[in-house]
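As provided, target_30.cif (mmCIF, C-alpha atoms) reads as follows.
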data_upload
loop_
_atom_site.group_PDB
_atom_site.id
_atom_site.type_symbol
_atom_site.label_atom_id
_atom_site.label_comp_id
_atom_site.auth_asym_id
_atom_site.auth_seq_id
_atom_site.Cartn_x
_atom_site.Cartn_y
_atom_site.Cartn_z
ATOM 1 C CA MET A 1 -1.702 -15.796 -0.123
ATOM 2 C CA THR A 2 -4.698 -17.458 1.499
ATOM 3 C CA ARG A 3 -8.229 -16.644 0.407
ATOM 4 C CA THR A 4 -8.954 -15.007 3.743
ATOM 5 C CA ARG A 5 -5.829 -12.847 3.490
ATOM 6 C CA ALA A 6 -6.696 -11.845 -0.086
ATOM 7 C CA LEU A 7 -10.259 -11.010 0.976
ATOM 8 C CA THR A 8 -9.133 -8.845 3.895
ATOM 9 C CA GLU A 9 -6.536 -7.057 1.742
ATOM 10 C CA TYR A 10 -8.535 -6.565 -1.464
ATOM 11 C CA GLY A 11 -12.121 -6.836 -0.232
ATOM 12 C CA PRO A 12 -12.407 -3.212 0.936
ATOM 13 C CA LEU A 13 -10.973 -1.983 -2.374
ATOM 14 C CA ILE A 14 -13.400 -4.098 -4.405
ATOM 15 C CA LEU A 15 -16.312 -2.870 -2.264
ATOM 16 C CA PHE A 16 -15.129 0.715 -2.797
ATOM 17 C CA PHE A 17 -14.994 0.192 -6.560
ATOM 18 C CA VAL A 18 -18.470 -1.355 -6.742
ATOM 19 C CA CYS A 19 -20.085 1.105 -4.318
ATOM 20 C CA ASN A 20 -18.653 4.065 -6.216
ATOM 21 C CA TYR A 21 -20.417 2.980 -9.385
ATOM 22 C CA VAL A 22 -23.663 2.191 -7.589
ATOM 23 C CA TRP A 23 -23.965 5.115 -5.143
ATOM 24 C CA GLY A 24 -21.114 7.549 -5.846
ATOM 25 C CA ILE A 25 -17.801 8.493 -4.297
ATOM 26 C CA MET A 26 -18.918 9.658 -0.824
ATOM 27 C CA PRO A 27 -20.992 6.585 0.105
ATOM 28 C CA ALA A 28 -18.218 4.436 -1.374
ATOM 29 C CA THR A 29 -15.708 6.272 0.822
ATOM 30 C CA ALA A 30 -17.756 5.502 3.938
ATOM 31 C CA VAL A 31 -17.894 1.833 2.890
ATOM 32 C CA LEU A 32 -14.125 1.826 2.219
ATOM 33 C CA VAL A 33 -13.304 3.227 5.662
ATOM 34 C CA ALA A 34 -15.646 0.830 7.477
ATOM 35 C CA ALA A 35 -14.571 -2.221 5.462
ATOM 36 C CA THR A 36 -10.879 -1.409 5.891
ATOM 37 C CA VAL A 37 -11.183 -1.018 9.664
ATOM 38 C CA ILE A 38 -13.206 -4.251 9.947
ATOM 39 C CA ALA A 39 -10.806 -6.205 7.708
ATOM 40 C CA THR A 40 -7.770 -4.936 9.614
ATOM 41 C CA ALA A 41 -9.340 -5.719 13.000
ATOM 42 C CA TYR A 42 -10.171 -9.220 11.734
ATOM 43 C CA THR A 43 -6.573 -9.682 10.562
ATOM 44 C CA VAL A 44 -5.182 -8.569 13.934
ATOM 45 C CA TYR A 45 -7.619 -10.887 15.735
ATOM 46 C CA THR A 46 -6.953 -13.965 13.603
ATOM 47 C CA GLU A 47 -3.174 -13.538 13.320
ATOM 48 C CA ARG A 48 -2.780 -12.632 17.004
ATOM 49 C CA ARG A 49 -0.189 -10.027 16.052
ATOM 50 C CA ILE A 50 -0.138 -6.524 14.658
ATOM 51 C CA PRO A 51 0.535 -6.583 10.901
ATOM 52 C CA TRP A 52 1.983 -3.097 10.583
ATOM 53 C CA MET A 53 1.377 -2.415 6.894
ATOM 54 C CA PRO A 54 -2.389 -3.146 7.011
ATOM 55 C CA VAL A 55 -2.719 -1.221 10.280
ATOM 56 C CA ILE A 56 -0.907 1.818 8.870
ATOM 57 C CA GLY A 57 -3.011 1.536 5.726
ATOM 58 C CA ALA A 58 -6.211 1.436 7.784
ATOM 59 C CA VAL A 59 -5.148 4.502 9.769
ATOM 60 C CA LEU A 60 -4.404 6.437 6.561
ATOM 61 C CA VAL A 61 -7.673 5.325 4.917
ATOM 62 C CA SER A 62 -9.547 6.390 8.056
ATOM 63 C CA ILE A 63 -7.848 9.797 8.195
ATOM 64 C CA PHE A 64 -8.104 10.662 4.497
ATOM 65 C CA GLY A 65 -11.501 9.015 4.050
ATOM 66 C CA GLY A 66 -12.746 10.800 7.166
ATOM 67 C CA LEU A 67 -11.519 14.144 5.825
ATOM 68 C CA ALA A 68 -13.197 13.453 2.468
ATOM 69 C CA LEU A 69 -16.482 12.698 4.238
ATOM 70 C CA LEU A 70 -16.181 15.603 6.697
ATOM 71 C CA PHE A 71 -15.509 18.171 3.975
ATOM 72 C CA ASP A 72 -17.537 16.370 1.279
ATOM 73 C CA ASP A 73 -14.480 16.557 -0.981
ATOM 74 C CA ALA A 74 -12.986 13.562 -2.798
ATOM 75 C CA PHE A 75 -9.663 15.428 -3.038
ATOM 76 C CA PHE A 76 -8.586 14.001 0.316
ATOM 77 C CA LEU A 77 -9.295 10.466 -0.805
ATOM 78 C CA LYS A 78 -7.535 10.998 -4.124
ATOM 79 C CA ILE A 79 -4.294 12.192 -2.514
ATOM 80 C CA LYS A 80 -4.179 9.359 0.034
ATOM 81 C CA PRO A 81 -2.269 6.947 -2.254
ATOM 82 C CA THR A 82 0.258 9.680 -3.054
ATOM 83 C CA VAL A 83 0.784 10.579 0.601
ATOM 84 C CA ALA A 84 0.908 6.936 1.702
ATOM 85 C CA THR A 85 3.438 5.837 -0.917
ATOM 86 C CA LEU A 86 5.637 8.893 -0.354
ATOM 87 C CA LEU A 87 5.555 8.328 3.421
ATOM 88 C CA ILE A 88 6.639 4.724 2.924
ATOM 89 C CA ALA A 89 9.369 5.794 0.486
ATOM 90 C CA ALA A 90 10.554 8.448 2.931
ATOM 91 C CA GLY A 91 10.579 5.960 5.816
ATOM 92 C CA LEU A 92 12.594 3.491 3.756
ATOM 93 C CA GLY A 93 14.925 6.301 2.692
ATOM 94 C CA ILE A 94 15.535 7.450 6.264
ATOM 95 C CA GLY A 95 16.227 3.858 7.260
ATOM 96 C CA LEU A 96 18.630 3.537 4.334
ATOM 97 C CA LEU A 97 20.578 6.591 5.507
ATOM 98 C CA PHE A 98 21.079 4.947 8.902
ATOM 99 C CA ARG A 99 21.617 1.452 7.443
ATOM 100 C CA LYS A 100 18.419 0.265 9.070
ATOM 101 C CA TYR A 101 16.600 -1.772 6.465
ATOM 102 C CA PHE A 102 12.959 -1.568 7.474
ATOM 103 C CA LEU A 103 12.028 -4.066 4.773
ATOM 104 C CA ARG A 104 13.923 -6.677 6.786
ATOM 105 C CA THR A 105 11.618 -5.983 9.734
ATOM 106 C CA ILE A 106 8.477 -5.797 7.597
ATOM 107 C CA LEU A 107 9.257 -9.049 5.786
ATOM 108 C CA ASP A 108 10.017 -10.672 9.155
ATOM 109 C CA GLY A 109 12.412 -13.442 8.142
ATOM 110 C CA MET A 110 10.692 -14.227 4.827
ATOM 111 C CA LEU A 111 13.912 -13.335 2.990
ATOM 112 C CA GLU A 112 17.521 -13.924 3.826
ATOM 113 C CA LEU A 113 19.606 -11.246 2.127
ATOM 114 C CA ASP A 114 23.013 -9.804 2.855
ATOM 115 C CA GLU A 115 23.518 -6.081 3.516
ATOM 116 C CA THR A 116 23.929 -5.325 -0.197
ATOM 117 C CA GLY A 117 20.745 -7.224 -0.979
ATOM 118 C CA TRP A 118 18.717 -5.315 1.609
ATOM 119 C CA ARG A 119 20.159 -2.004 0.386
ATOM 120 C CA ASN A 120 19.377 -2.790 -3.263
ATOM 121 C CA LEU A 121 15.889 -4.001 -2.417
ATOM 122 C CA THR A 122 15.251 -0.885 -0.330
ATOM 123 C CA VAL A 123 16.393 1.440 -3.128
ATOM 124 C CA TYR A 124 14.244 -0.503 -5.592
ATOM 125 C CA TRP A 125 11.124 -0.112 -3.439
ATOM 126 C CA ILE A 126 11.800 3.567 -2.766
ATOM 127 C CA CYS A 127 11.826 4.086 -6.545
ATOM 128 C CA ALA A 128 8.729 1.918 -7.023
ATOM 129 C CA PHE A 129 6.774 3.842 -4.374
ATOM 130 C CA CYS A 130 7.796 7.173 -5.922
ATOM 131 C CA ILE A 131 6.613 5.956 -9.335
ATOM 132 C CA MET A 132 3.286 4.877 -7.829
ATOM 133 C CA ALA A 133 2.918 8.300 -6.173
ATOM 134 C CA ALA A 134 3.622 10.049 -9.490
ATOM 135 C CA ALA A 135 1.160 7.776 -11.320
ATOM 136 C CA ASN A 136 -1.552 8.570 -8.772
ATOM 137 C CA GLU A 137 -0.867 12.291 -9.075
ATOM 138 C CA ILE A 138 -1.232 12.122 -12.843
ATOM 139 C CA ALA A 139 -4.356 9.972 -12.586
ATOM 140 C CA TRP A 140 -6.337 12.046 -10.097
ATOM 141 C CA ARG A 141 -5.441 15.287 -11.866
ATOM 142 C CA THR A 142 -6.369 14.088 -15.365
ATOM 143 C CA LEU A 143 -9.156 11.520 -14.932
ATOM 144 C CA SER A 144 -12.762 11.905 -13.870
ATOM 145 C CA THR A 145 -13.545 10.706 -10.348
ATOM 146 C CA ASP A 146 -14.918 7.436 -11.747
ATOM 147 C CA GLY A 147 -11.798 7.081 -13.908
ATOM 148 C CA TRP A 148 -9.593 7.660 -10.876
ATOM 149 C CA VAL A 149 -11.525 5.058 -8.845
ATOM 150 C CA THR A 150 -10.893 2.527 -11.616
ATOM 151 C CA PHE A 151 -7.223 3.512 -11.678
ATOM 152 C CA LYS A 152 -6.999 3.168 -7.893
ATOM 153 C CA ALA A 153 -8.643 -0.244 -7.899
ATOM 154 C CA PHE A 154 -6.838 -1.733 -10.879
ATOM 155 C CA GLY A 155 -3.999 0.554 -11.971
ATOM 156 C CA LEU A 156 -2.315 0.999 -8.594
ATOM 157 C CA THR A 157 -2.895 -2.647 -7.730
ATOM 158 C CA GLY A 158 -1.372 -3.621 -11.078
ATOM 159 C CA LEU A 159 1.619 -1.348 -10.505
ATOM 160 C CA SER A 160 2.147 -2.946 -7.086
ATOM 161 C CA VAL A 161 2.045 -6.432 -8.597
ATOM 162 C CA LEU A 162 4.466 -5.404 -11.360
ATOM 163 C CA ALA A 163 6.794 -3.872 -8.771
ATOM 164 C CA ALA A 164 6.735 -7.095 -6.736
ATOM 165 C CA ILE A 165 7.490 -9.161 -9.842
ATOM 166 C CA GLY A 166 10.276 -6.738 -10.748
ATOM 167 C CA ALA A 167 11.840 -7.192 -7.312
ATOM 168 C CA ALA A 168 12.117 -10.973 -7.724
ATOM 169 C CA PRO A 169 15.377 -10.963 -9.737
ATOM 170 C CA LEU A 170 16.965 -8.694 -7.136
ATOM 171 C CA MET A 171 16.155 -11.196 -4.424
ATOM 172 C CA LYS A 172 17.276 -14.195 -6.517
ATOM 173 C CA ALA A 173 20.572 -12.618 -7.528
ATOM 174 C CA VAL A 174 21.555 -11.940 -3.933
ATOM 175 C CA ARG A 175 20.356 -15.299 -2.730
ATOM 176 C CA GLY A 176 22.253 -16.983 -5.550
ATOM 177 C CA ARG A 177 25.518 -15.290 -4.528
ATOM 178 C CA GLU A 178 25.144 -16.446 -0.948
ATOM 179 C CA SER A 179 24.671 -20.114 -1.889
#

Re-express the file's structure as structure tokens.
Amino acid sequence: MTRTRALTEYGPLILFFVCNYVWGIMPATAVLVAATVIATAYTVYTERRIPWMPVIGAVLVSIFGGLALLFDDAFFLKIKPTVATLLIAAGLGIGLLFRKYFLRTILDGMLELDETGWRNLTVYWICAFCIMAAANEIAWRTLSTDGWVTFKAFGLTGLSVLAAIGAAPLMKAVRGRES
């Protein structure tokens, strides 16, 4: 991952984390929405294509962040990771039912897997997204707002990294069989 890509993906989250501790959750939410929209627009401009995951993420951050700001209620922001991960899991699940492996489209030729490999990888990520949704639900219901912000910035990011690492053997095993 290039520095620019890392900055556009994680920069808004880091700004959100810092701003929350300096000014509180609502100003941090406004910064998160603005930074996410700017970072996504920059990504679209520089890549000259629409990267669907960041765009969908920016839309969801804008909707849930906007609702949080409009109603002055962090609840909307806190449920965004749950809703987002469950929507992704549901989309992957619907694709799985119709043997349309959306991960193949999202990863755009980065992996060469057979049908079994795509199915296994899809099931794996459905489970991973459901676990992340459950973790977020537990976190926002049991932690203070500041505790949840820390969990969002580091816990969910860590879970995503662990899930990606966990997927590696699945991809190797299938690739190894094809060779």

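One distance worth recording is that between CA of Ala167 in chain A and CA of Gly155 in chain A, which is 18.2 Å.
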
Report as a PDB file with C-alpha atoms, in the coordinates of the input all protein, DNA and RNA residues lying within 12 Å of range 87-95 of chain A, evaluated on all atoms listed in the file, omitting residues in the same chain fewer than 6 positions from it.
ATOM      1  CA  TRP A  52       1.983  -3.097  10.583  1.00  0.00           C
ATOM      2  CA  MET A  53       1.377  -2.415   6.894  1.00  0.00           C
ATOM      3  CA  ILE A  56      -0.907   1.818   8.870  1.00  0.00           C
ATOM      4  CA  GLY A  57      -3.011   1.536   5.726  1.00  0.00           C
ATOM      5  CA  LEU A  60      -4.404   6.437   6.561  1.00  0.00           C
ATOM      6  CA  LYS A  80      -4.179   9.359   0.034  1.00  0.00           C
ATOM      7  CA  PRO A  81      -2.269   6.947  -2.254  1.00  0.00           C
ATOM      8  CA  TYR A 101      16.600  -1.772   6.465  1.00  0.00           C
ATOM      9  CA  PHE A 102      12.959  -1.568   7.474  1.00  0.00           C
ATOM     10  CA  LEU A 103      12.028  -4.066   4.773  1.00  0.00           C
ATOM     11  CA  ARG A 104      13.923  -6.677   6.786  1.00  0.00           C
ATOM     12  CA  THR A 105      11.618  -5.983   9.734  1.00  0.00           C
ATOM     13  CA  ILE A 106       8.477  -5.797   7.597  1.00  0.00           C
ATOM     14  CA  TRP A 118      18.717  -5.315   1.609  1.00  0.00           C
ATOM     15  CA  ARG A 119      20.159  -2.004   0.386  1.00  0.00           C
ATOM     16  CA  ASN A 120      19.377  -2.790  -3.263  1.00  0.00           C
ATOM     17  CA  LEU A 121      15.889  -4.001  -2.417  1.00  0.00           C
ATOM     18  CA  THR A 122      15.251  -0.885  -0.330  1.00  0.00           C
ATOM     19  CA  VAL A 123      16.393   1.440  -3.128  1.00  0.00           C
ATOM     20  CA  TYR A 124      14.244  -0.503  -5.592  1.00  0.00           C
ATOM     21  CA  TRP A 125      11.124  -0.112  -3.439  1.00  0.00           C
ATOM     22  CA  ILE A 126      11.800   3.567  -2.766  1.00  0.00           C
ATOM     23  CA  CYS A 127      11.826   4.086  -6.545  1.00  0.00           C
ATOM     24  CA  ALA A 128       8.729   1.918  -7.023  1.00  0.00           C
ATOM     25  CA  PHE A 129       6.774   3.842  -4.374  1.00  0.00           C
ATOM     26  CA  CYS A 130       7.796   7.173  -5.922  1.00  0.00           C
ATOM     27  CA  ILE A 131       6.613   5.956  -9.335  1.00  0.00           C
ATOM     28  CA  MET A 132       3.286   4.877  -7.829  1.00  0.00           C
ATOM     29  CA  ALA A 133       2.918   8.300  -6.173  1.00  0.00           C
TER      30      ALA A 133
END

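Remark: for Leu159 in chain A, the closest of the candidate residues A:Met171, A:Leu111, A:Ala135, A:Val37 is A:Ala135 (distances computed over all atoms listed in the file).
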
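Using only C-alpha atoms, the smallest distance between any of A:Ala41, A:Val33, A:Leu15, A:Leu97 and Leu67 in chain A comes from A:Val33.
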
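Shortest separation to Glu47 in chain A among A:Phe98, A:Gly166, A:Arg5, A:Gly147 occurs at residue A:Arg5, atoms counted being all atoms listed in the file.
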
Handout entry: Test item: residues at most 9 Å from Glu9 in chain A, only C-alpha atoms, excluding those fewer than 4 positions along its chain, as a PyMOL selection string
Key = chain A and resi 4-5+13+36+39-40+54

Handout entry: Who sits within 12 Å of Asp72 in chain A, all atoms listed in the file, same chain under 3 positions skipped, as a ChimeraX atom specification
Key = /A:24-27,29-30,64-69,75-77

Evaluate the PyMOL selection byres ((chain A and resi 151) around 12) and report residues as a PDB file with C-alpha atoms, in the coordinates of the input:
ATOM      1  CA  LEU A  13     -10.973  -1.983  -2.374  1.00  0.00           C
ATOM      2  CA  PHE A  17     -14.994   0.192  -6.560  1.00  0.00           C
ATOM      3  CA  LYS A  78      -7.535  10.998  -4.124  1.00  0.00           C
ATOM      4  CA  PRO A  81      -2.269   6.947  -2.254  1.00  0.00           C
ATOM      5  CA  MET A 132       3.286   4.877  -7.829  1.00  0.00           C
ATOM      6  CA  ALA A 135       1.160   7.776 -11.320  1.00  0.00           C
ATOM      7  CA  ASN A 136      -1.552   8.570  -8.772  1.00  0.00           C
ATOM      8  CA  GLU A 137      -0.867  12.291  -9.075  1.00  0.00           C
ATOM      9  CA  ILE A 138      -1.232  12.122 -12.843  1.00  0.00           C
ATOM     10  CA  ALA A 139      -4.356   9.972 -12.586  1.00  0.00           C
ATOM     11  CA  TRP A 140      -6.337  12.046 -10.097  1.00  0.00           C
ATOM     12  CA  ARG A 141      -5.441  15.287 -11.866  1.00  0.00           C
ATOM     13  CA  THR A 142      -6.369  14.088 -15.365  1.00  0.00           C
ATOM     14  CA  LEU A 143      -9.156  11.520 -14.932  1.00  0.00           C
ATOM     15  CA  SER A 144     -12.762  11.905 -13.870  1.00  0.00           C
ATOM     16  CA  THR A 145     -13.545  10.706 -10.348  1.00  0.00           C
ATOM     17  CA  ASP A 146     -14.918   7.436 -11.747  1.00  0.00           C
ATOM     18  CA  GLY A 147     -11.798   7.081 -13.908  1.00  0.00           C
ATOM     19  CA  TRP A 148      -9.593   7.660 -10.876  1.00  0.00           C
ATOM     20  CA  VAL A 149     -11.525   5.058  -8.845  1.00  0.00           C
ATOM     21  CA  THR A 150     -10.893   2.527 -11.616  1.00  0.00           C
ATOM     22  CA  LYS A 152      -6.999   3.168  -7.893  1.00  0.00           C
ATOM     23  CA  ALA A 153      -8.643  -0.244  -7.899  1.00  0.00           C
ATOM     24  CA  PHE A 154      -6.838  -1.733 -10.879  1.00  0.00           C
ATOM     25  CA  GLY A 155      -3.999   0.554 -11.971  1.00  0.00           C
ATOM     26  CA  LEU A 156      -2.315   0.999  -8.594  1.00  0.00           C
ATOM     27  CA  THR A 157      -2.895  -2.647  -7.730  1.00  0.00           C
ATOM     28  CA  GLY A 158      -1.372  -3.621 -11.078  1.00  0.00           C
ATOM     29  CA  LEU A 159       1.619  -1.348 -10.505  1.00  0.00           C
TER      30      LEU A 159
END

Problem - One-decimal distance in Å that lies between CA of Gly11 in chain A and CA of Ala35 in chain A - result: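 CA of Gly11 in chain A lies at a distance of 7.7 Å from CA of Ala35 in chain A.
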
Practice task
In Å, rounded to a single decimal, give me how far CA of Tyr10 in chain A is from CA of Arg48 in chain A.
Solution key: 20.3 Å

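Among the candidates A:Ala164, A:Tyr42, A:Ala84, A:Val22, the one nearest to Leu7 in chain A when counting all atoms listed in the file is A:Tyr42.
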
Extract range 11-109 of chain A from the structure I just pasted (atoms: C-alpha atoms) and return it as a short mmCIF file (atom, residue, chain, number, x, y, z; two decimals), in the first residue's frame.
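Contents of result-v3.cif, freshly written:
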data_model
loop_
_atom_site.label_atom_id
_atom_site.label_comp_id
_atom_site.auth_asym_id
_atom_site.auth_seq_id
_atom_site.Cartn_x
_atom_site.Cartn_y
_atom_site.Cartn_z
CA GLY A 11 -6.16 9.65 7.60
CA PRO A 12 -9.84 10.44 8.26
CA LEU A 13 -9.96 7.82 11.02
CA ILE A 14 -6.83 9.19 12.69
CA LEU A 15 -8.22 12.73 12.47
CA PHE A 16 -11.48 11.50 14.00
CA PHE A 17 -9.60 9.85 16.87
CA VAL A 18 -7.49 12.93 17.61
CA CYS A 19 -10.35 15.43 17.21
CA ASN A 20 -12.57 13.41 19.52
CA TYR A 21 -10.06 13.73 22.34
CA VAL A 22 -9.43 17.41 21.67
CA TRP A 23 -12.95 18.72 20.97
CA GLY A 24 -15.42 15.87 21.57
CA ILE A 25 -17.47 13.47 19.49
CA MET A 26 -19.64 15.91 17.49
CA PRO A 27 -16.83 18.13 16.16
CA ALA A 28 -14.83 14.96 15.49
CA THR A 29 -17.79 13.58 13.54
CA ALA A 30 -17.90 16.69 11.35
CA VAL A 31 -14.15 16.34 10.73
CA LEU A 32 -14.58 12.62 9.93
CA VAL A 33 -17.31 13.27 7.36
CA ALA A 34 -15.40 16.11 5.68
CA ALA A 35 -12.06 14.26 5.68
CA THR A 36 -13.64 11.07 4.35
CA VAL A 37 -15.37 12.87 1.48
CA ILE A 38 -12.18 14.78 0.60
CA ALA A 39 -10.00 11.65 0.78
CA THR A 40 -12.43 9.66 -1.36
CA ALA A 41 -12.72 12.44 -3.94
CA TYR A 42 -8.91 12.63 -4.07
CA THR A 43 -8.71 8.86 -4.58
CA VAL A 44 -11.25 8.96 -7.41
CA TYR A 45 -9.39 11.88 -9.02
CA THR A 46 -5.91 10.36 -8.78
CA GLU A 47 -6.88 6.79 -9.72
CA ARG A 48 -9.18 7.93 -12.55
CA ARG A 49 -11.65 5.22 -11.58
CA ILE A 50 -14.31 4.67 -8.96
CA PRO A 51 -12.95 2.54 -6.10
CA TRP A 52 -16.26 1.15 -4.88
CA MET A 53 -15.36 0.23 -1.30
CA PRO A 54 -14.05 3.72 -0.36
CA VAL A 55 -16.98 5.37 -2.15
CA ILE A 56 -19.53 3.19 -0.35
CA GLY A 57 -17.69 3.85 2.91
CA ALA A 58 -17.80 7.60 2.30
CA VAL A 59 -21.53 7.48 1.56
CA LEU A 60 -22.20 5.54 4.78
CA VAL A 61 -19.96 7.85 6.85
CA SER A 62 -21.78 10.85 5.35
CA ILE A 63 -25.23 9.41 6.07
CA PHE A 64 -24.56 8.17 9.60
CA GLY A 65 -22.28 11.07 10.50
CA GLY A 66 -24.85 13.50 9.10
CA LEU A 67 -27.60 11.89 11.19
CA ALA A 68 -25.39 12.07 14.29
CA LEU A 69 -24.77 15.77 13.68
CA LEU A 70 -28.39 16.53 12.75
CA PHE A 71 -29.81 14.87 15.86
CA ASP A 72 -26.78 15.61 18.07
CA ASP A 73 -26.65 11.91 18.94
CA ALA A 74 -23.52 9.76 18.65
CA PHE A 75 -25.73 6.65 18.45
CA PHE A 76 -25.91 6.99 14.67
CA LEU A 77 -22.15 7.13 14.36
CA LYS A 78 -21.70 4.19 16.72
CA ILE A 79 -23.99 1.89 14.72
CA LYS A 80 -22.41 2.76 11.37
CA PRO A 81 -19.70 0.05 11.57
CA THR A 82 -22.34 -2.54 12.48
CA VAL A 83 -24.64 -1.53 9.63
CA ALA A 84 -21.78 -1.27 7.13
CA THR A 85 -20.25 -4.65 7.94
CA LEU A 86 -23.64 -6.39 7.98
CA LEU A 87 -24.55 -4.80 4.62
CA ILE A 88 -21.29 -6.06 3.13
CA ALA A 89 -21.84 -9.52 4.63
CA ALA A 90 -25.39 -9.58 3.29
CA GLY A 91 -24.24 -8.48 -0.17
CA LEU A 92 -21.59 -11.20 -0.22
CA GLY A 93 -24.16 -13.71 1.02
CA ILE A 94 -26.67 -12.81 -1.69
CA GLY A 95 -23.92 -13.10 -4.28
CA LEU A 96 -22.96 -16.49 -2.84
CA LEU A 97 -26.53 -17.75 -3.23
CA PHE A 98 -26.42 -16.87 -6.93
CA ARG A 99 -22.80 -18.01 -7.38
CA LYS A 100 -21.75 -14.44 -8.09
CA TYR A 101 -18.58 -13.86 -6.13
CA PHE A 102 -18.48 -10.12 -5.58
CA LEU A 103 -15.02 -10.40 -4.05
CA ARG A 104 -13.77 -11.37 -7.50
CA THR A 105 -15.09 -8.06 -8.84
CA ILE A 106 -13.87 -6.04 -5.86
CA LEU A 107 -10.38 -7.54 -6.00
CA ASP A 108 -10.33 -6.91 -9.76
CA GLY A 109 -7.87 -9.55 -10.95
#
